[in-house]
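Novice: Got a file for you: run_33.cif, mmCIF, C-alpha atoms.
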```cif
data_data
loop_
_atom_site.group_PDB
_atom_site.id
_atom_site.type_symbol
_atom_site.label_atom_id
_atom_site.label_comp_id
_atom_site.auth_asym_id
_atom_site.auth_seq_id
_atom_site.Cartn_x
_atom_site.Cartn_y
_atom_site.Cartn_z
ATOM 1 C CA MET A 478 2.993 14.518 -3.109
ATOM 2 C CA LEU A 479 0.443 14.223 -0.325
ATOM 3 C CA VAL A 480 -0.273 11.131 1.720
ATOM 4 C CA THR A 481 -3.727 10.382 3.097
ATOM 5 C CA ARG A 482 -4.628 7.427 5.236
ATOM 6 C CA ARG A 483 -8.057 5.914 4.947
ATOM 7 C CA ASN A 484 -9.285 3.132 7.141
ATOM 8 C CA GLN A 485 -13.044 2.872 6.938
ATOM 9 C CA ASP A 486 -13.185 0.185 9.652
ATOM 10 C CA PHE A 487 -11.537 2.214 12.434
ATOM 11 C CA MET A 488 -14.251 2.038 15.085
ATOM 12 C CA PRO A 489 -15.247 -1.614 14.509
ATOM 13 C CA THR A 490 -11.555 -2.554 14.482
ATOM 14 C CA LEU A 491 -10.956 -0.683 17.729
ATOM 15 C CA PHE A 492 -13.798 -2.543 19.426
ATOM 16 C CA ASN A 493 -12.747 -5.853 17.892
ATOM 17 C CA GLU A 494 -9.226 -5.439 19.253
ATOM 18 C CA LEU A 495 -10.404 -4.377 22.700
ATOM 19 C CA LEU A 496 -12.959 -7.148 22.985
ATOM 20 C CA ASN A 497 -10.881 -9.708 21.029
ATOM 21 C CA TRP A 498 -13.772 -10.392 18.605
ATOM 22 C CA ASN A 499 -11.540 -11.220 15.661
ATOM 23 C CA ASP A 500 -7.920 -11.703 14.756
ATOM 24 C CA THR A 501 -7.580 -8.883 12.234
ATOM 25 C CA THR A 502 -4.802 -6.400 12.911
ATOM 26 C CA TYR A 503 -4.005 -3.219 11.046
ATOM 27 C CA SER A 504 -0.381 -2.236 10.865
ATOM 28 C CA THR A 505 1.164 0.827 9.295
ATOM 29 C CA PRO A 506 4.456 0.250 7.512
ATOM 30 C CA ARG A 507 7.039 3.007 7.566
ATOM 31 C CA MET A 508 7.262 4.988 4.317
ATOM 32 C CA ASN A 509 10.018 7.081 2.743
ATOM 33 C CA ILE A 510 9.144 9.456 -0.111
ATOM 34 C CA MET A 511 11.979 10.808 -2.233
ATOM 35 C CA GLU A 512 12.182 13.020 -5.309
ATOM 36 C CA THR A 513 14.832 13.156 -8.023
ATOM 37 C CA LYS A 514 14.831 15.193 -11.213
ATOM 38 C CA ASP A 515 13.384 12.211 -13.146
ATOM 39 C CA ASN A 516 10.967 10.528 -10.704
ATOM 40 C CA TYR A 517 9.401 10.139 -7.301
ATOM 41 C CA LYS A 518 10.264 7.066 -5.264
ATOM 42 C CA LEU A 519 8.311 5.530 -2.409
ATOM 43 C CA GLU A 520 9.815 2.912 -0.105
ATOM 44 C CA LEU A 521 7.625 0.954 2.298
ATOM 45 C CA CYS A 522 9.044 -1.383 4.931
ATOM 46 C CA ILE A 523 7.065 -4.645 4.640
ATOM 47 C CA PRO A 524 9.088 -7.426 6.285
ATOM 48 C CA GLY A 525 7.666 -10.904 5.784
ATOM 49 C CA LEU A 526 5.410 -9.891 2.894
ATOM 50 C CA THR A 527 5.804 -10.896 -0.745
ATOM 51 C CA LYS A 528 4.624 -9.313 -3.986
ATOM 52 C CA ASP A 529 1.545 -11.585 -3.816
ATOM 53 C CA ASP A 530 0.525 -9.878 -0.541
ATOM 54 C CA VAL A 531 0.617 -6.381 -2.090
ATOM 55 C CA LYS A 532 -1.863 -4.716 -4.444
ATOM 56 C CA LEU A 533 -1.198 -1.359 -6.148
ATOM 57 C CA SER A 534 -3.863 0.527 -8.076
ATOM 58 C CA ILE A 535 -4.923 3.970 -9.260
ATOM 59 C CA ASP A 536 -8.369 4.941 -7.943
ATOM 60 C CA ALA A 537 -11.076 6.999 -9.685
ATOM 61 C CA GLU A 538 -9.589 10.267 -8.360
ATOM 62 C CA GLY A 539 -6.139 9.431 -9.784
ATOM 63 C CA ASN A 540 -4.550 8.533 -6.424
ATOM 64 C CA LEU A 541 -2.141 5.666 -5.857
ATOM 65 C CA VAL A 542 -3.652 3.047 -3.524
ATOM 66 C CA VAL A 543 -1.334 0.660 -1.683
ATOM 67 C CA GLU A 544 -3.061 -2.348 -0.077
ATOM 68 C CA MET A 545 -1.427 -5.206 1.780
ATOM 69 C CA THR A 546 -3.045 -8.309 3.237
ATOM 70 C CA LYS A 547 -1.216 -11.164 4.930
ATOM 71 C CA GLU A 548 -2.914 -14.218 6.391
ATOM 72 C CA THR A 549 -0.816 -16.387 8.687
ATOM 73 C CA LYS A 550 -1.445 -19.615 10.512
ATOM 74 C CA LYS A 551 -0.068 -20.366 13.977
ATOM 75 C CA GLU A 552 -0.118 -23.906 15.207
ATOM 76 C CA ASN A 553 0.615 -25.474 18.555
ATOM 77 C CA LYS A 554 2.565 -28.522 17.401
ATOM 78 C CA GLU A 555 3.148 -29.937 20.883
ATOM 79 C CA GLU A 556 -0.301 -31.523 20.929
ATOM 80 C CA MET A 557 -1.228 -34.670 19.012
ATOM 81 C CA ARG A 558 -4.437 -33.056 17.812
ATOM 82 C CA TYR A 559 -5.575 -29.472 17.551
ATOM 83 C CA LEU A 560 -6.572 -28.117 20.931
ATOM 84 C CA ARG A 561 -6.081 -24.595 19.674
ATOM 85 C CA HIS A 562 -5.653 -23.394 16.134
ATOM 86 C CA GLU A 563 -5.139 -19.661 15.491
ATOM 87 C CA PHE A 564 -5.431 -17.654 12.321
ATOM 88 C CA SER A 565 -4.536 -13.996 11.947
ATOM 89 C CA VAL A 566 -4.967 -11.506 9.135
ATOM 90 C CA GLU A 567 -3.029 -8.280 8.752
ATOM 91 C CA HIS A 568 -4.413 -5.586 6.481
ATOM 92 C CA PHE A 569 -3.118 -2.170 5.458
ATOM 93 C CA ARG A 570 -4.400 0.413 2.995
ATOM 94 C CA GLN A 571 -2.913 3.801 2.216
ATOM 95 C CA THR A 572 -3.831 6.351 -0.423
ATOM 96 C CA VAL A 573 -1.150 8.632 -1.884
ATOM 97 C CA MET A 574 -2.307 11.720 -3.770
ATOM 98 C CA LEU A 575 -0.209 11.887 -6.918
ATOM 99 C CA PRO A 576 1.038 15.143 -8.450
ATOM 100 C CA ASP A 577 0.048 16.187 -11.984
ATOM 101 C CA ASP A 578 3.574 15.992 -13.463
ATOM 102 C CA ILE A 579 3.848 12.182 -13.645
ATOM 103 C CA HIS A 580 3.290 9.283 -16.044
ATOM 104 C CA LYS A 581 0.590 7.234 -14.303
ATOM 105 C CA ASP A 582 0.876 4.481 -16.920
ATOM 106 C CA GLN A 583 4.613 3.999 -16.259
ATOM 107 C CA ILE A 584 4.577 3.448 -12.478
ATOM 108 C CA SER A 585 6.663 0.415 -11.516
ATOM 109 C CA ALA A 586 7.148 -1.497 -8.279
ATOM 110 C CA LYS A 587 9.155 -4.374 -6.831
ATOM 111 C CA VAL A 588 9.563 -6.106 -3.495
ATOM 112 C CA GLU A 589 13.062 -7.006 -2.383
ATOM 113 C CA ASN A 590 14.448 -7.801 1.089
ATOM 114 C CA GLY A 591 11.284 -6.634 2.858
ATOM 115 C CA ILE A 592 11.154 -3.275 1.045
ATOM 116 C CA LEU A 593 8.450 -2.303 -1.463
ATOM 117 C CA ASP A 594 9.977 0.148 -3.973
ATOM 118 C CA ILE A 595 7.551 2.182 -6.085
ATOM 119 C CA VAL A 596 8.986 4.380 -8.847
ATOM 120 C CA ILE A 597 6.774 7.099 -10.316
ATOM 121 C CA PRO A 598 8.347 8.739 -13.404
ATOM 122 C CA LYS A 599 7.936 12.480 -13.909
ATOM 123 C CA VAL A 600 6.910 14.153 -17.146
ATOM 124 C CA THR A 601 9.961 15.814 -18.720
ATOM 125 C CA LEU A 602 10.060 19.453 -19.751
ATOM 126 C CA GLU A 603 10.080 18.453 -23.448
ATOM 127 C CA GLU A 604 6.953 16.329 -22.942
ATOM 128 C CA LYS A 605 5.233 19.264 -21.243
ATOM 129 C CA LYS A 606 6.058 21.471 -24.224
ATOM 130 C CA GLN A 607 4.727 18.835 -26.650
ATOM 131 C CA ALA A 608 1.517 18.571 -24.657
ATOM 132 C CA VAL A 609 0.682 22.202 -25.404
ATOM 133 C CA GLN A 610 -1.866 22.288 -28.210
ATOM 134 C CA THR A 611 -2.751 25.038 -30.620
ATOM 135 C CA ILE A 612 -6.437 25.267 -31.424
ATOM 136 C CA GLU A 613 -7.358 26.619 -34.809
ATOM 137 C CA ILE A 614 -10.231 29.027 -35.005
ATOM 138 C CA GLY A 615 -12.597 28.189 -37.876
#
```
Rewrite the structure from the file as structure tokens, please.

Specialist:
Amino acid sequence: MLVTRRNQDFMPTLFNELLNWNDTTYSTPRMNIMETKDNYKLELCIPGLTKDDVKLSIDAEGNLVVEMTKETKKENKEEMRYLRHEFSVEHFRQTVMLPDDIHKDQISAKVENGILDIVIPKVTLEEKKQAVQTIEIG
């Protein structure tokens, strides 16, 4: 299983951070990838995020895409009225190239205690044998 990172906004983001043009930050959560005889398992450390902040999809090339966006508000409550009001947005996107020996329609995920668990079931040996087709010659 190969992991590729794609961030199309790298240069604009770099300039935005240096010049403080916006409050968008891009963070990279730590990822563990494990393999058992029945499945692959990905764990991403996403403290403070919920399942509503995460989007999983399969792209046109058959890769798993993990996207996370979190918008937070910071307020200075010492003042009677807003003298400063700050918003920030965190965004992350990672593409994982999936192997051929999996069930893409059976991928499952859950978020618990700041960890996103993604389980990708493998195709069993019996299923591989059943997938072999004999073509009759007419």

Novice: State, in Å with one decimal place, the distance from atom CA of Lys599 of chain A to atom CA of Tyr517 of chain A.

Specialist: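 Rounded to one decimal, the two atoms are 7.2 Å apart.
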
Novice: Could you check how far atom CA of Leu519 of chain A sits from atom CA of Leu602 of chain A, in Å to one decimal?

Specialist: 22.3 Å

Novice: For the atom pair atom CA of Ile535 of chain A and atom CA of Lys581 of chain A, what is the interatomic distance in Å to one decimal place?

Specialist: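 Atom-to-atom, atom CA of Ile535 of chain A and atom CA of Lys581 of chain A are spaced 8.2 Å apart.
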
Novice: For Arg570 of chain A, which residue out of A:Gln610, A:Thr527, A:Thr601, A:Thr505 is the nearest one, using all atoms listed in the file?

Specialist: A:Thr505

Novice: I would like the residues chosen by the PyMOL selection byres ((chain A and resi 597) around 12) on the shown file; could you give them as a ChimeraX atom specification?

Specialist: /A:478,510-520,541,573,575-586,594-596,598-600

Novice: Under the rule that all atoms listed in the file are counted, which of A:Gly615, A:Gln571, A:Glu544, A:Gly591 is the nearest residue to Asp530 of chain A?

Specialist: A:Glu544

Novice: Give me the result of the PyMOL selection byres ((chain A and resi 533) around 7) on this file, residue by residue, as a list in words.

Specialist: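 Selection result, ordered by chain and number: Val531, Lys532, Ser534, Val542, Val543 and Glu544 of chain A.
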
Novice: Please enumerate the residues selected by the PyMOL selection byres ((chain A and resi 524) around 12) when evaluated against the supplied file, formatted as an mmCIF file with C-alpha atoms, in the frame of the given file.

Specialist:
```cif
data_model
loop_
_atom_site.group_PDB
_atom_site.id
_atom_site.type_symbol
_atom_site.label_atom_id
_atom_site.label_comp_id
_atom_site.auth_asym_id
_atom_site.auth_seq_id
_atom_site.Cartn_x
_atom_site.Cartn_y
_atom_site.Cartn_z
ATOM 1 C CA SER A 504 -0.381 -2.236 10.865
ATOM 2 C CA THR A 505 1.164 0.827 9.295
ATOM 3 C CA PRO A 506 4.456 0.250 7.512
ATOM 4 C CA ARG A 507 7.039 3.007 7.566
ATOM 5 C CA LEU A 521 7.625 0.954 2.298
ATOM 6 C CA CYS A 522 9.044 -1.383 4.931
ATOM 7 C CA ILE A 523 7.065 -4.645 4.640
ATOM 8 C CA GLY A 525 7.666 -10.904 5.784
ATOM 9 C CA LEU A 526 5.410 -9.891 2.894
ATOM 10 C CA THR A 527 5.804 -10.896 -0.745
ATOM 11 C CA LYS A 528 4.624 -9.313 -3.986
ATOM 12 C CA ASP A 530 0.525 -9.878 -0.541
ATOM 13 C CA VAL A 531 0.617 -6.381 -2.090
ATOM 14 C CA MET A 545 -1.427 -5.206 1.780
ATOM 15 C CA LYS A 547 -1.216 -11.164 4.930
ATOM 16 C CA VAL A 588 9.563 -6.106 -3.495
ATOM 17 C CA GLU A 589 13.062 -7.006 -2.383
ATOM 18 C CA ASN A 590 14.448 -7.801 1.089
ATOM 19 C CA GLY A 591 11.284 -6.634 2.858
ATOM 20 C CA ILE A 592 11.154 -3.275 1.045
ATOM 21 C CA LEU A 593 8.450 -2.303 -1.463
#
```

Novice: First collect every listed atom of segment 531-539 of chain A; then fit an axis-aligned box around them, widen it by 3 Å on each side, and give centre and edge lengths in Å to one decimal, as lines of an AutoDock Vina configuration file.

Specialist:
```
center_x = -5.2
center_y = 1.9
center_z = -5.9
size_x = 17.7
size_y = 22.6
size_z = 13.7
```

Novice: Working from the structure I just supplied, which lacks atoms in segment 510-524 of chain A, can you model N, CA and C atoms there and output them as an mmCIF file, in the coordinates of the input?

Specialist:
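This is the output file selection_33.cif:
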```cif
data_model
loop_
_atom_site.group_PDB
_atom_site.id
_atom_site.type_symbol
_atom_site.label_atom_id
_atom_site.label_comp_id
_atom_site.auth_asym_id
_atom_site.auth_seq_id
_atom_site.Cartn_x
_atom_site.Cartn_y
_atom_site.Cartn_z
ATOM 1 N N ILE A 510 9.488 8.881 1.183
ATOM 2 C CA ILE A 510 9.144 9.456 -0.111
ATOM 3 C C ILE A 510 10.295 10.345 -0.533
ATOM 4 N N MET A 511 10.844 10.054 -1.724
ATOM 5 C CA MET A 511 11.979 10.808 -2.233
ATOM 6 C C MET A 511 11.657 11.367 -3.613
ATOM 7 N N GLU A 512 12.368 12.426 -3.994
ATOM 8 C CA GLU A 512 12.182 13.020 -5.309
ATOM 9 C C GLU A 512 13.540 13.247 -5.952
ATOM 10 N N THR A 513 13.660 12.847 -7.210
ATOM 11 C CA THR A 513 14.832 13.156 -8.023
ATOM 12 C C THR A 513 14.358 14.008 -9.192
ATOM 13 N N LYS A 514 15.259 14.374 -10.073
ATOM 14 C CA LYS A 514 14.831 15.193 -11.213
ATOM 15 C C LYS A 514 13.989 14.390 -12.192
ATOM 16 N N ASP A 515 14.098 13.053 -12.185
ATOM 17 C CA ASP A 515 13.384 12.211 -13.146
ATOM 18 C C ASP A 515 12.155 11.506 -12.587
ATOM 19 N N ASN A 516 12.089 11.297 -11.251
ATOM 20 C CA ASN A 516 10.967 10.528 -10.704
ATOM 21 C C ASN A 516 10.778 10.775 -9.216
ATOM 22 N N TYR A 517 9.662 10.238 -8.730
ATOM 23 C CA TYR A 517 9.401 10.139 -7.301
ATOM 24 C C TYR A 517 9.608 8.678 -6.936
ATOM 25 N N LYS A 518 10.057 8.441 -5.708
ATOM 26 C CA LYS A 518 10.264 7.066 -5.264
ATOM 27 C C LYS A 518 9.676 6.913 -3.869
ATOM 28 N N LEU A 519 8.876 5.864 -3.709
ATOM 29 C CA LEU A 519 8.311 5.530 -2.409
ATOM 30 C C LEU A 519 8.922 4.214 -1.959
ATOM 31 N N GLU A 520 9.314 4.144 -0.708
ATOM 32 C CA GLU A 520 9.815 2.912 -0.105
ATOM 33 C C GLU A 520 8.950 2.603 1.102
ATOM 34 N N LEU A 521 8.409 1.392 1.151
ATOM 35 C CA LEU A 521 7.625 0.954 2.298
ATOM 36 C C LEU A 521 8.297 -0.267 2.906
ATOM 37 N N CYS A 522 8.438 -0.269 4.209
ATOM 38 C CA CYS A 522 9.044 -1.383 4.931
ATOM 39 C C CYS A 522 7.965 -2.429 5.192
ATOM 40 N N ILE A 523 8.081 -3.594 4.521
ATOM 41 C CA ILE A 523 7.065 -4.645 4.640
ATOM 42 C C ILE A 523 7.724 -6.002 4.907
ATOM 43 N N PRO A 524 8.409 -6.156 6.019
ATOM 44 C CA PRO A 524 9.088 -7.426 6.285
ATOM 45 C C PRO A 524 8.108 -8.593 6.356
#
```
